[in-house]
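Below is the file run-v2.csv, which contains CSV, C-alpha atoms (C1' of nucleotides).
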chain,number,residue,atom,x,y,z
A,1,MET,CA,31.0,181.4,64.1
A,2,ARG,CA,32.9,182.5,67.2
A,3,LEU,CA,30.9,183.2,70.3
A,4,SER,CA,31.9,186.5,72.0
A,5,ARG,CA,32.1,186.8,75.7
A,6,LYS,CA,29.1,189.0,75.7
A,7,ALA,CA,26.9,186.5,74.0
A,8,ASP,CA,28.2,183.8,76.3
A,9,TYR,CA,27.3,185.8,79.3
A,10,ALA,CA,23.9,186.7,77.9
A,11,LEU,CA,23.1,183.0,77.4
A,12,ARG,CA,24.2,182.1,80.8
A,13,VAL,CA,21.9,184.6,82.4
A,14,LEU,CA,19.0,183.7,80.1
A,15,PHE,CA,19.1,180.1,81.2
A,16,THR,CA,19.0,181.0,84.9
A,17,LEU,CA,16.0,183.2,84.1
A,18,VAL,CA,14.4,180.2,82.3
A,19,ASP,CA,14.8,178.3,85.5
A,20,GLN,CA,13.1,181.0,87.5
A,21,TYR,CA,10.5,181.7,85.0
A,22,GLY,CA,7.2,182.8,86.6
A,23,GLN,CA,8.7,183.2,90.1
A,24,GLY,CA,9.4,187.0,90.1
A,25,PRO,CA,12.4,189.0,89.2
A,26,VAL,CA,16.0,188.0,89.9
A,27,SER,CA,18.4,190.8,91.0
A,28,MET,CA,21.4,191.6,88.8
A,29,ASN,CA,23.6,190.9,91.8
A,30,ALA,CA,22.3,187.3,92.0
A,31,LEU,CA,22.6,186.9,88.3
A,32,ALA,CA,26.2,188.1,88.2
A,33,ARG,CA,27.2,185.9,91.1
A,34,ALA,CA,25.4,182.7,89.9
A,35,ASN,CA,26.9,183.0,86.4
A,36,ASP,CA,30.4,184.3,87.2
A,37,VAL,CA,29.9,187.5,85.2
A,38,PRO,CA,31.5,190.9,86.1
A,39,LYS,CA,28.6,192.9,87.5
A,40,ARG,CA,29.3,196.2,85.9
A,41,PHE,CA,29.7,194.4,82.6
A,42,LEU,CA,26.4,192.6,83.0
A,43,GLU,CA,24.6,195.9,83.3
A,44,HIS,CA,25.1,196.5,79.6
A,45,ILE,CA,24.2,193.1,78.6
A,46,MET,CA,20.9,193.2,80.5
A,47,LEU,CA,20.0,196.5,78.8
A,48,ASP,CA,20.7,194.9,75.5
A,49,LEU,CA,18.5,191.9,76.4
A,50,LYS,CA,15.7,194.3,77.5
A,51,SER,CA,15.9,196.3,74.3
A,52,GLN,CA,15.1,193.2,72.4
A,53,GLY,CA,12.1,192.4,74.5
A,54,TRP,CA,13.6,189.2,75.9
A,55,VAL,CA,13.7,190.2,79.5
A,56,ALA,CA,11.7,192.8,81.6
A,57,SER,CA,13.0,194.8,84.5
A,58,SER,CA,11.5,196.0,87.7
A,59,PRO,CA,13.3,198.9,89.4
A,60,GLY,CA,13.7,199.5,93.1
A,61,ARG,CA,14.6,197.7,96.3
A,62,LYS,CA,13.3,194.3,95.3
A,63,GLY,CA,13.7,194.7,91.6
A,64,GLY,CA,15.5,192.6,89.1
A,65,TYR,CA,15.0,190.9,85.8
A,66,GLU,CA,12.8,188.2,84.5
A,67,LEU,CA,12.0,186.6,81.2
A,68,ALA,CA,9.5,188.7,79.2
A,69,GLN,CA,8.6,185.8,76.9
A,70,PRO,CA,8.0,182.1,77.3
A,71,PRO,CA,11.2,180.2,76.8
A,72,GLU,CA,9.8,178.6,73.7
A,73,ARG,CA,9.8,181.8,71.8
A,74,ILE,CA,13.5,182.8,72.2
A,75,THR,CA,16.2,181.0,70.3
A,76,MET,CA,19.9,180.8,70.7
A,77,GLY,CA,20.2,182.0,67.1
A,78,GLN,CA,18.4,185.2,67.9
A,79,VAL,CA,20.6,185.9,70.9
A,80,ILE,CA,23.9,185.1,69.2
A,81,ARG,CA,23.0,187.1,66.1
A,82,HIS,CA,22.1,190.1,68.2
A,83,PHE,CA,25.3,190.2,70.1
A,84,ASP,CA,27.8,189.0,67.5
A,85,GLY,CA,26.1,190.3,64.4
A,86,VAL,CA,27.1,187.5,62.1
A,87,MET,CA,26.9,183.7,62.0
A,88,ALA,CA,28.4,183.3,58.6
A,89,PRO,CA,32.0,182.2,58.6
A,90,ILE,CA,32.9,184.8,56.0
A,91,GLY,CA,31.4,188.0,54.6
A,92,CYS,CA,30.6,186.6,51.2
A,93,VAL,CA,28.1,184.1,52.5
A,94,SER,CA,26.5,186.5,55.0
A,95,VAL,CA,23.1,188.0,54.4
A,96,THR,CA,22.9,190.7,57.1
A,97,ARG,CA,26.5,191.8,56.6
A,98,HIS,CA,27.2,190.7,53.1
A,99,GLU,CA,30.6,191.8,51.6
A,100,PRO,CA,31.2,191.5,47.9
A,101,CYS,CA,34.3,189.6,46.8
A,102,SER,CA,36.3,189.9,43.6
A,103,GLN,CA,36.5,186.1,43.4
A,104,GLU,CA,32.8,185.3,43.5
A,105,ARG,CA,32.6,184.2,39.9
A,106,HIS,CA,35.0,181.3,40.2
A,107,CYS,CA,35.4,180.7,43.9
A,108,ARG,CA,34.6,177.1,44.8
A,109,PHE,CA,35.2,176.8,48.5
A,110,ARG,CA,32.5,179.4,49.0
A,111,ARG,CA,30.0,176.6,48.5
A,112,VAL,CA,31.5,174.8,51.5
A,113,LEU,CA,31.4,177.8,53.7
A,114,LEU,CA,27.8,178.4,52.6
A,115,GLU,CA,27.0,174.8,53.7
A,116,VAL,CA,28.6,175.4,57.1
A,117,ARG,CA,26.6,178.5,57.5
A,118,ASN,CA,23.4,176.8,56.7
A,119,MET,CA,24.0,174.0,59.1
A,120,THR,CA,24.9,176.4,61.9
A,121,VAL,CA,22.0,178.7,61.3
A,122,GLN,CA,19.5,176.0,61.0
A,123,TYR,CA,20.6,174.4,64.2
A,124,LEU,CA,20.8,177.5,66.3
A,125,ASP,CA,17.6,179.0,65.1
A,126,ASN,CA,15.7,175.9,66.1
A,127,ALA,CA,17.3,175.8,69.5
A,128,THR,CA,14.7,177.5,71.7
A,129,LEU,CA,15.7,178.3,75.3
A,130,ALA,CA,13.1,175.8,76.5
A,131,TRP,CA,14.5,173.0,74.4
A,132,VAL,CA,18.1,173.7,75.4
A,133,ALA,CA,17.3,174.1,79.0
A,134,ALA,CA,16.1,170.5,79.1
A,135,LEU,CA,19.4,169.1,77.7
A,136,ALA,CA,21.8,167.4,80.0
A,137,PRO,CA,25.2,169.1,80.7
A,138,VAL,CA,28.2,168.0,78.7
A,139,SER,CA,30.9,165.9,80.3
A,140,THR,CA,34.5,166.7,79.6
A,141,ALA,CA,35.0,163.3,78.0
A,142,GLU,CA,32.4,164.2,75.3
A,143,VAL,CA,34.3,167.3,74.3
A,144,PHE,CA,37.5,165.3,73.7
A,145,ALA,CA,35.9,162.4,72.0
A,146,LEU,CA,37.3,163.1,68.6
A,147,GLU,CA,36.9,159.7,67.0
A,148,LEU,CA,33.2,160.2,66.9
A,149,VAL,CA,33.6,163.3,64.9
A,150,GLY,CA,36.2,162.2,62.5
A,151,GLY,CA,38.3,165.3,62.8
A,152,ASP,CA,42.0,165.8,63.3
A,153,GLY,CA,41.7,168.2,66.2
A,154,ILE,CA,39.7,171.2,67.1
B,1,MET,CA,34.1,179.6,63.2
B,2,ARG,CA,35.1,182.8,61.6
B,3,LEU,CA,37.5,182.6,58.6
B,4,SER,CA,40.4,185.0,58.8
B,5,ARG,CA,41.6,186.9,55.8
B,6,LYS,CA,44.8,184.9,55.8
B,7,ALA,CA,43.0,181.6,55.6
B,8,ASP,CA,40.8,183.0,52.9
B,9,TYR,CA,43.8,184.0,50.8
B,10,ALA,CA,45.5,180.7,51.5
B,11,LEU,CA,42.5,178.8,50.2
B,12,ARG,CA,42.2,180.9,47.1
B,13,VAL,CA,45.8,180.3,46.2
B,14,LEU,CA,45.5,176.6,46.9
B,15,PHE,CA,42.7,176.2,44.5
B,16,THR,CA,44.5,177.9,41.6
B,17,LEU,CA,47.4,175.5,42.4
B,18,VAL,CA,45.0,172.6,42.2
B,19,ASP,CA,44.0,173.7,38.7
B,20,GLN,CA,47.7,173.9,37.7
B,21,TYR,CA,48.6,170.7,39.4
B,22,GLY,CA,51.3,168.8,37.5
B,23,GLN,CA,52.0,171.7,35.1
B,24,GLY,CA,55.0,173.2,36.8
B,25,PRO,CA,55.3,176.1,39.3
B,26,VAL,CA,53.2,179.2,39.3
B,27,SER,CA,54.9,182.5,40.2
B,28,MET,CA,53.9,184.4,43.3
B,29,ASN,CA,53.2,187.4,41.1
B,30,ALA,CA,50.7,185.4,39.1
B,31,LEU,CA,49.1,183.9,42.2
B,32,ALA,CA,48.7,187.4,43.8
B,33,ARG,CA,47.2,188.9,40.7
B,34,ALA,CA,44.8,186.0,39.9
B,35,ASN,CA,43.5,185.9,43.4
B,36,ASP,CA,43.5,189.5,44.3
B,37,VAL,CA,45.9,189.2,47.3
B,38,PRO,CA,48.5,191.8,48.3
B,39,LYS,CA,51.8,190.4,47.1
B,40,ARG,CA,53.9,191.2,50.1
B,41,PHE,CA,51.2,189.7,52.3
B,42,LEU,CA,51.0,186.6,50.2
B,43,GLU,CA,54.7,185.9,50.8
B,44,HIS,CA,54.1,185.1,54.4
B,45,ILE,CA,51.1,182.9,53.6
B,46,MET,CA,53.1,180.9,51.1
B,47,LEU,CA,55.9,180.3,53.6
B,48,ASP,CA,53.3,179.0,56.0
B,49,LEU,CA,51.8,176.7,53.4
B,50,LYS,CA,55.3,175.4,52.6
B,51,SER,CA,56.1,174.8,56.2
B,52,GLN,CA,53.1,172.5,56.3
B,53,GLY,CA,54.3,170.5,53.3
B,54,TRP,CA,51.3,171.5,51.2
B,55,VAL,CA,53.2,173.4,48.6
B,56,ALA,CA,56.7,173.3,47.2
B,57,SER,CA,58.7,176.2,45.9
B,58,SER,CA,61.3,176.5,43.1
B,59,PRO,CA,63.6,179.5,43.2
B,60,GLY,CA,65.0,181.4,40.3
B,61,ARG,CA,64.0,183.0,37.1
B,62,LYS,CA,61.1,180.7,36.3
B,63,GLY,CA,60.4,179.7,39.8
B,64,GLY,CA,57.2,179.7,41.8
B,65,TYR,CA,54.9,177.4,43.8
B,66,GLU,CA,53.1,174.2,43.1
B,67,LEU,CA,51.1,171.7,45.1
B,68,ALA,CA,53.4,169.3,47.0
B,69,GLN,CA,50.7,166.7,47.5
B,70,PRO,CA,47.8,165.4,45.5
B,71,PRO,CA,44.7,167.5,46.1
B,72,GLU,CA,43.0,164.5,47.7
B,73,ARG,CA,45.3,164.6,50.6
B,74,ILE,CA,44.7,168.2,51.8
B,75,THR,CA,41.5,169.2,53.4
B,76,MET,CA,40.0,172.6,54.1
B,77,GLY,CA,39.8,171.7,57.7
B,78,GLN,CA,43.6,171.3,57.9
B,79,VAL,CA,44.2,174.6,56.3
B,80,ILE,CA,41.7,176.6,58.3
B,81,ARG,CA,42.9,175.0,61.5
B,82,HIS,CA,46.5,175.9,60.7
B,83,PHE,CA,45.8,179.6,60.1
B,84,ASP,CA,43.0,180.3,62.5
B,85,GLY,CA,43.8,177.9,65.3
B,86,VAL,CA,40.3,177.0,66.4
B,87,MET,CA,37.1,175.8,64.8
B,88,ALA,CA,35.2,175.5,68.0
B,89,PRO,CA,32.8,178.4,68.6
B,90,ILE,CA,33.9,178.8,72.2
B,91,GLY,CA,36.9,177.7,74.3
B,92,CYS,CA,35.0,175.3,76.5
B,93,VAL,CA,34.3,172.9,73.5
B,94,SER,CA,37.7,173.2,71.9
B,95,VAL,CA,40.3,170.5,72.1
B,96,THR,CA,43.4,172.1,70.9
B,97,ARG,CA,42.8,175.3,72.8
B,98,HIS,CA,40.5,174.2,75.6
B,99,GLU,CA,39.6,176.8,78.2
B,100,PRO,CA,38.1,175.7,81.4
B,101,CYS,CA,34.9,177.4,82.5
B,102,SER,CA,33.4,177.8,85.9
B,103,GLN,CA,29.9,176.9,84.6
B,104,GLU,CA,30.8,173.6,83.1
B,105,ARG,CA,28.9,171.6,85.7
B,106,HIS,CA,25.5,173.0,84.9
B,107,CYS,CA,25.8,174.8,81.6
B,108,ARG,CA,23.3,173.5,79.1
B,109,PHE,CA,23.9,175.5,75.9
B,110,ARG,CA,27.4,174.0,75.9
B,111,ARG,CA,25.8,170.9,74.3
B,112,VAL,CA,24.5,173.0,71.5
B,113,LEU,CA,27.8,174.6,70.8
B,114,LEU,CA,29.5,171.2,70.9
B,115,GLU,CA,27.0,170.0,68.3
B,116,VAL,CA,27.8,172.9,66.1
B,117,ARG,CA,31.5,172.3,66.5
B,118,ASN,CA,31.0,168.6,65.5
B,119,MET,CA,29.0,169.4,62.4
B,120,THR,CA,31.5,172.0,61.3
B,121,VAL,CA,34.6,170.0,61.9
B,122,GLN,CA,33.2,166.9,60.3
B,123,TYR,CA,32.3,168.7,57.2
B,124,LEU,CA,35.5,170.7,56.8
B,125,ASP,CA,37.8,167.7,57.6
B,126,ASN,CA,36.1,165.7,54.8
B,127,ALA,CA,36.3,168.5,52.3
B,128,THR,CA,39.5,167.7,50.3
B,129,LEU,CA,40.8,170.2,47.9
B,130,ALA,CA,40.0,167.8,45.1
B,131,TRP,CA,36.4,167.4,46.1
B,132,VAL,CA,35.9,171.1,46.6
B,133,ALA,CA,37.5,172.0,43.3
B,134,ALA,CA,34.9,170.0,41.5
B,135,LEU,CA,32.0,172.0,43.0
B,136,ALA,CA,30.1,174.6,41.0
B,137,PRO,CA,30.5,178.2,42.1
B,138,VAL,CA,27.7,179.7,44.2
B,139,SER,CA,25.2,182.1,42.8
B,140,THR,CA,24.3,185.2,44.8
B,141,ALA,CA,20.7,184.0,44.9
B,142,GLU,CA,21.7,180.9,46.8
B,143,VAL,CA,23.4,183.0,49.5
B,144,PHE,CA,20.2,184.9,50.1
B,145,ALA,CA,17.8,182.0,49.9
B,146,LEU,CA,16.9,182.0,53.5
B,147,GLU,CA,13.7,180.1,53.4
B,148,LEU,CA,15.6,176.9,52.5
B,149,VAL,CA,17.6,177.3,55.7
B,150,GLY,CA,14.8,178.2,58.1
B,151,GLY,CA,16.8,181.0,59.7
B,152,ASP,CA,15.9,184.6,60.6
B,153,GLY,CA,18.9,186.1,59.0
B,154,ILE,CA,22.6,185.6,58.9
C,1,DC,C1',15.0,208.9,104.8
C,2,DG,C1',18.2,205.3,103.0
C,3,DA,C1',19.4,201.2,101.0
C,4,DA,C1',19.3,198.6,97.1
C,5,DT,C1',18.1,198.5,92.7
C,6,DC,C1',18.2,199.5,87.5
C,7,DT,C1',19.9,203.1,83.7
C,8,DC,C1',23.1,205.4,80.8
C,9,DG,C1',27.0,207.2,78.6
C,10,DA,C1',32.0,207.9,78.5
C,11,DC,C1',36.2,206.0,78.8
C,12,DT,C1',40.3,202.8,78.5
C,13,DG,C1',43.8,199.3,78.0
C,14,DG,C1',45.2,195.4,75.5
C,15,DC,C1',45.3,192.3,71.9
C,16,DC,C1',44.7,190.7,67.2
C,17,DT,C1',44.4,191.4,62.1
C,18,DG,C1',46.0,192.8,58.1
C,19,DA,C1',49.1,194.4,56.3
C,20,DT,C1',53.9,197.0,54.7
C,21,DC,C1',58.9,197.4,54.3
C,22,DG,C1',63.9,196.6,53.7
C,23,DG,C1',67.1,193.7,52.7
C,24,DG,C1',69.2,189.2,51.8
C,25,DA,C1',69.9,184.5,49.4
C,26,DT,C1',69.2,181.6,45.5
C,27,DT,C1',68.7,180.1,40.8
C,28,DT,C1',67.8,180.3,36.0
C,29,DT,C1',68.1,182.4,31.7
C,30,DC,C1',70.5,185.1,28.3
D,1,DG,C1',79.1,185.8,34.0
D,2,DA,C1',75.7,189.0,34.9
D,3,DA,C1',71.1,190.3,35.5
D,4,DA,C1',66.7,189.5,36.5
D,5,DA,C1',63.3,187.4,38.8
D,6,DT,C1',62.3,184.7,42.3
D,7,DC,C1',61.9,183.0,47.2
D,8,DC,C1',63.0,184.0,52.3
D,9,DC,C1',62.8,186.3,56.9
D,10,DG,C1',62.3,189.4,60.6
D,11,DA,C1',60.8,193.9,62.2
D,12,DT,C1',57.4,197.1,62.5
D,13,DC,C1',53.0,199.4,62.6
D,14,DA,C1',48.2,201.4,62.4
D,15,DG,C1',43.6,200.6,63.3
D,16,DG,C1',39.8,198.3,65.2
D,17,DC,C1',37.5,195.5,68.3
D,18,DC,C1',36.6,193.3,72.9
D,19,DA,C1',36.1,193.1,77.6
D,20,DG,C1',35.7,195.6,81.2
D,21,DT,C1',35.5,199.8,84.4
D,22,DC,C1',33.7,204.1,86.3
D,23,DG,C1',30.8,207.9,87.8
D,24,DA,C1',26.6,209.5,88.4
D,25,DG,C1',21.6,209.6,88.0
D,26,DA,C1',16.8,207.8,88.6
D,27,DT,C1',13.5,204.7,90.9
D,28,DT,C1',11.3,202.0,94.4
D,29,DC,C1',10.6,199.4,98.8
D,30,DG,C1',10.9,199.2,103.9

Starting from the file, lay out its structure as structure tokens.
Amino acid sequence: MRLSRKADYALRVLFTLVDQYGQGPVSMNALARANDVPKRFLEHIMLDLKSQGWVASSPGRKGGYELAQPPERITMGQVIRHFDGVMAPIGCVSVTRHEPCSQERHCRFRRVLLEVRNMTVQYLDNATLAWVAALAPVSTAEVFALELVGGDGI
Amino acid sequence: MRLSRKADYALRVLFTLVDQYGQGPVSMNALARANDVPKRFLEHIMLDLKSQGWVASSPGRKGGYELAQPPERITMGQVIRHFDGVMAPIGCVSVTRHEPCSQERHCRFRRVLLEVRNMTVQYLDNATLAWVAALAPVSTAEVFALELVGGDGI
DNA sequence: CGAATCTCGACTGGCCTGATCGGGATTTTC
DNA sequence: GAAAATCCCGATCAGGCCAGTCGAGATTCG
């Protein structure tokens, strides 16, 4: 799964809304500035978020956006899926956008990709905004700590 | 991580070469036909695979390709990384193609993406061709068995 | 009123993917 | 030897998607 910029921006904004939950609306200007998102681009994202019932808007002079649901009820999986469409690494192991493949009968690495999909989906669909908001930020060192992962590079 | 067509094709071919390991070269024509890959496109892929030392070619009338290493020494992670460049779901948690982000200090969902990266990388870098080749093909039912995963859709 | 806000649709430029093509070099088989 | 099949390599290209911009309208607060 590759996160699009749009999904990235959406998540950034959602977490600042989590922080302000219950304290009235936050203007799009403030959201754009705080999260380093192009304002005109953010407009579309907020409309998307609204259409999904995740945020509510108040128009007018002191308007803005606020979370429309408690942060426990929104998951990162939902958000990413809405903006990026698929989480599966390839069409043949996707449900929402399944693509048939001529090799299905004897393809063996498909099982591996299915496993990757399952791990990813399970993790992201259990990651509620409330849970994630309580996590500590990641240090750069952790990103580069490959030995712990056992990989060759990333 | 999203698998490109190129990586997909490369893996298909590699597994038929695994099956024929030690039995002489397989012609590109046969590889293309057996795996449903456009022949002219496959040419480039095979050159890539050769440049990495994963396959060897013999020219001439009865030429073709064969695995240049035992299937235990090549992993899906290596192959995917070579063709697709990144496995990380976003630049800020990538090592080979790291991109700085203005939100690093206080971003919290970055930890989640890091975790996803770690799971993916660990799994794929441990999946040798030999191991994967021994797996049973996936049934369509398994792909759609969402309850087992706990996700909303994929 | 007027300033600041959200809303909406149209548009665009650039990059990446997934190929295709022509032509050349090499080797094996007959 | 000659022919056939193969591998090798660079150039090119169409289409689609992504990220972002723009103009203009509707709504509310002070």

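Residue list for chain B within 7 Å of chain D: B:Pro59, B:Gly60, B:Arg61, B:Gly63, counting all atoms listed in the file.
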
Could you make a table, as a tab-separated table, of the residues of chain A that have an atom within 8 Å of an atom of chain B, each with its nearest atom pair and distance in Å to one decimal, counting only C-alpha atoms, in chain and number order?
residue	atom	partner	partner_atom	distance
A:Met1	CA	B:Met1	CA	3.7
A:Arg2	CA	B:Pro89	CA	4.3
A:Leu3	CA	B:Pro89	CA	5.4
A:Ser4	CA	B:Ile90	CA	8.0
A:Leu11	CA	B:Phe109	CA	7.7
A:Arg12	CA	B:Cys107	CA	7.5
A:Asn35	CA	B:Gln103	CA	7.0
A:Asp36	CA	B:Ser102	CA	7.3
A:Gln78	CA	B:Asp152	CA	7.7
A:Arg81	CA	B:Ile154	CA	7.4
A:Val86	CA	B:Ile154	CA	5.8
A:Met87	CA	B:Ile154	CA	5.6
A:Ala88	CA	B:Ile154	CA	6.2
A:Pro89	CA	B:Arg2	CA	4.4
A:Ile90	CA	B:Leu3	CA	5.7
A:Val93	CA	B:Val143	CA	5.7
A:Ser94	CA	B:Ile154	CA	5.6
A:Val95	CA	B:Ile154	CA	5.1
A:Thr96	CA	B:Ile154	CA	5.4
A:Arg97	CA	B:Ile154	CA	7.7
A:Ser102	CA	B:Asp36	CA	7.2
A:Gln103	CA	B:Asn35	CA	7.0
A:Glu104	CA	B:Pro137	CA	7.6
A:Arg105	CA	B:Pro137	CA	6.7
A:His106	CA	B:Pro137	CA	5.8
A:Cys107	CA	B:Pro137	CA	5.8
A:Arg108	CA	B:Pro137	CA	5.0
A:Phe109	CA	B:Val132	CA	6.0
A:Arg110	CA	B:Val138	CA	6.8
A:Arg111	CA	B:Val138	CA	5.8
A:Val112	CA	B:Val132	CA	7.6
A:Leu114	CA	B:Val143	CA	7.1
A:Val116	CA	B:Thr120	CA	6.1
A:Asn118	CA	B:Val149	CA	5.9
A:Met119	CA	B:Met119	CA	7.6
A:Thr120	CA	B:Val116	CA	6.2
A:Val121	CA	B:Gly151	CA	5.9
A:Gln122	CA	B:Val149	CA	5.8
A:Tyr123	CA	B:Val116	CA	7.6
A:Leu124	CA	B:Val112	CA	7.8
A:Asp125	CA	B:Gly151	CA	5.8
A:Ala127	CA	B:Val112	CA	8.0
A:Val132	CA	B:Phe109	CA	6.1
A:Ala133	CA	B:Arg108	CA	6.0
A:Ala134	CA	B:Arg108	CA	7.8
A:Leu135	CA	B:Arg108	CA	6.0
A:Ala136	CA	B:Arg108	CA	6.3
A:Pro137	CA	B:Arg108	CA	5.1
A:Val138	CA	B:Arg111	CA	5.8
A:Val143	CA	B:Val93	CA	5.7
A:Phe144	CA	B:Val95	CA	6.1
A:Val149	CA	B:Gln122	CA	5.9
A:Gly150	CA	B:Gln122	CA	6.0
A:Gly151	CA	B:Asp125	CA	5.7
A:Asp152	CA	B:Asp125	CA	7.3
A:Gly153	CA	B:Thr96	CA	6.3
A:Ile154	CA	B:Val95	CA	5.1

Expected answer as a list of chain:residue names: chain C residues within 12 Å of chain B, all atoms listed in the file: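 Using all atoms listed in the file, chain C residues at most 12 Å from chain B: C:DC16, C:DT17, C:DG18, C:DA19, C:DT20, C:DC21, C:DG22, C:DA25, C:DT26, C:DT27, C:DT28, C:DT29, C:DC30.
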
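We find CA of Ser27 in chain B and CA of Leu47 in chain B to be spaced 13.6 Å apart.
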
Length of the CA of Ile80 in chain A to CA of Ala10 in chain B vector [Å]: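 Interatomic distance here is 28.3 Å.
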
Residue list as a list in words for point (8.6, 185.5, 77.4), cut-off 10 Å, all atoms listed in the file: Val18, Tyr21, Gly22, Gly53, Trp54, Val55, Ala56, Glu66, Leu67, Ala68, Gln69, Pro70, Pro71, Glu72, Arg73 and Ile74 of chain A

Keeping only C-alpha atoms, write the selected residues to a file as an mmCIF file, keeping the file's coordinate frame.
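Heads up, here's the output in result.cif:
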data_model
loop_
_atom_site.group_PDB
_atom_site.id
_atom_site.type_symbol
_atom_site.label_atom_id
_atom_site.label_comp_id
_atom_site.auth_asym_id
_atom_site.auth_seq_id
_atom_site.Cartn_x
_atom_site.Cartn_y
_atom_site.Cartn_z
ATOM 1 C CA VAL A 18 14.400 180.200 82.300
ATOM 2 C CA TYR A 21 10.500 181.700 85.000
ATOM 3 C CA GLY A 22 7.200 182.800 86.600
ATOM 4 C CA GLY A 53 12.100 192.400 74.500
ATOM 5 C CA TRP A 54 13.600 189.200 75.900
ATOM 6 C CA VAL A 55 13.700 190.200 79.500
ATOM 7 C CA ALA A 56 11.700 192.800 81.600
ATOM 8 C CA GLU A 66 12.800 188.200 84.500
ATOM 9 C CA LEU A 67 12.000 186.600 81.200
ATOM 10 C CA ALA A 68 9.500 188.700 79.200
ATOM 11 C CA GLN A 69 8.600 185.800 76.900
ATOM 12 C CA PRO A 70 8.000 182.100 77.300
ATOM 13 C CA PRO A 71 11.200 180.200 76.800
ATOM 14 C CA GLU A 72 9.800 178.600 73.700
ATOM 15 C CA ARG A 73 9.800 181.800 71.800
ATOM 16 C CA ILE A 74 13.500 182.800 72.200
#

Between CA of His82 in chain A and C1' of DC15 in chain C - distance in Å to one decimal: 23.6 Å

Residue among B:Thr75, B:Ala130, B:Asp84, B:Gly64 lying closest to Gly24 in chain B, counting all atoms listed in the file: B:Gly64
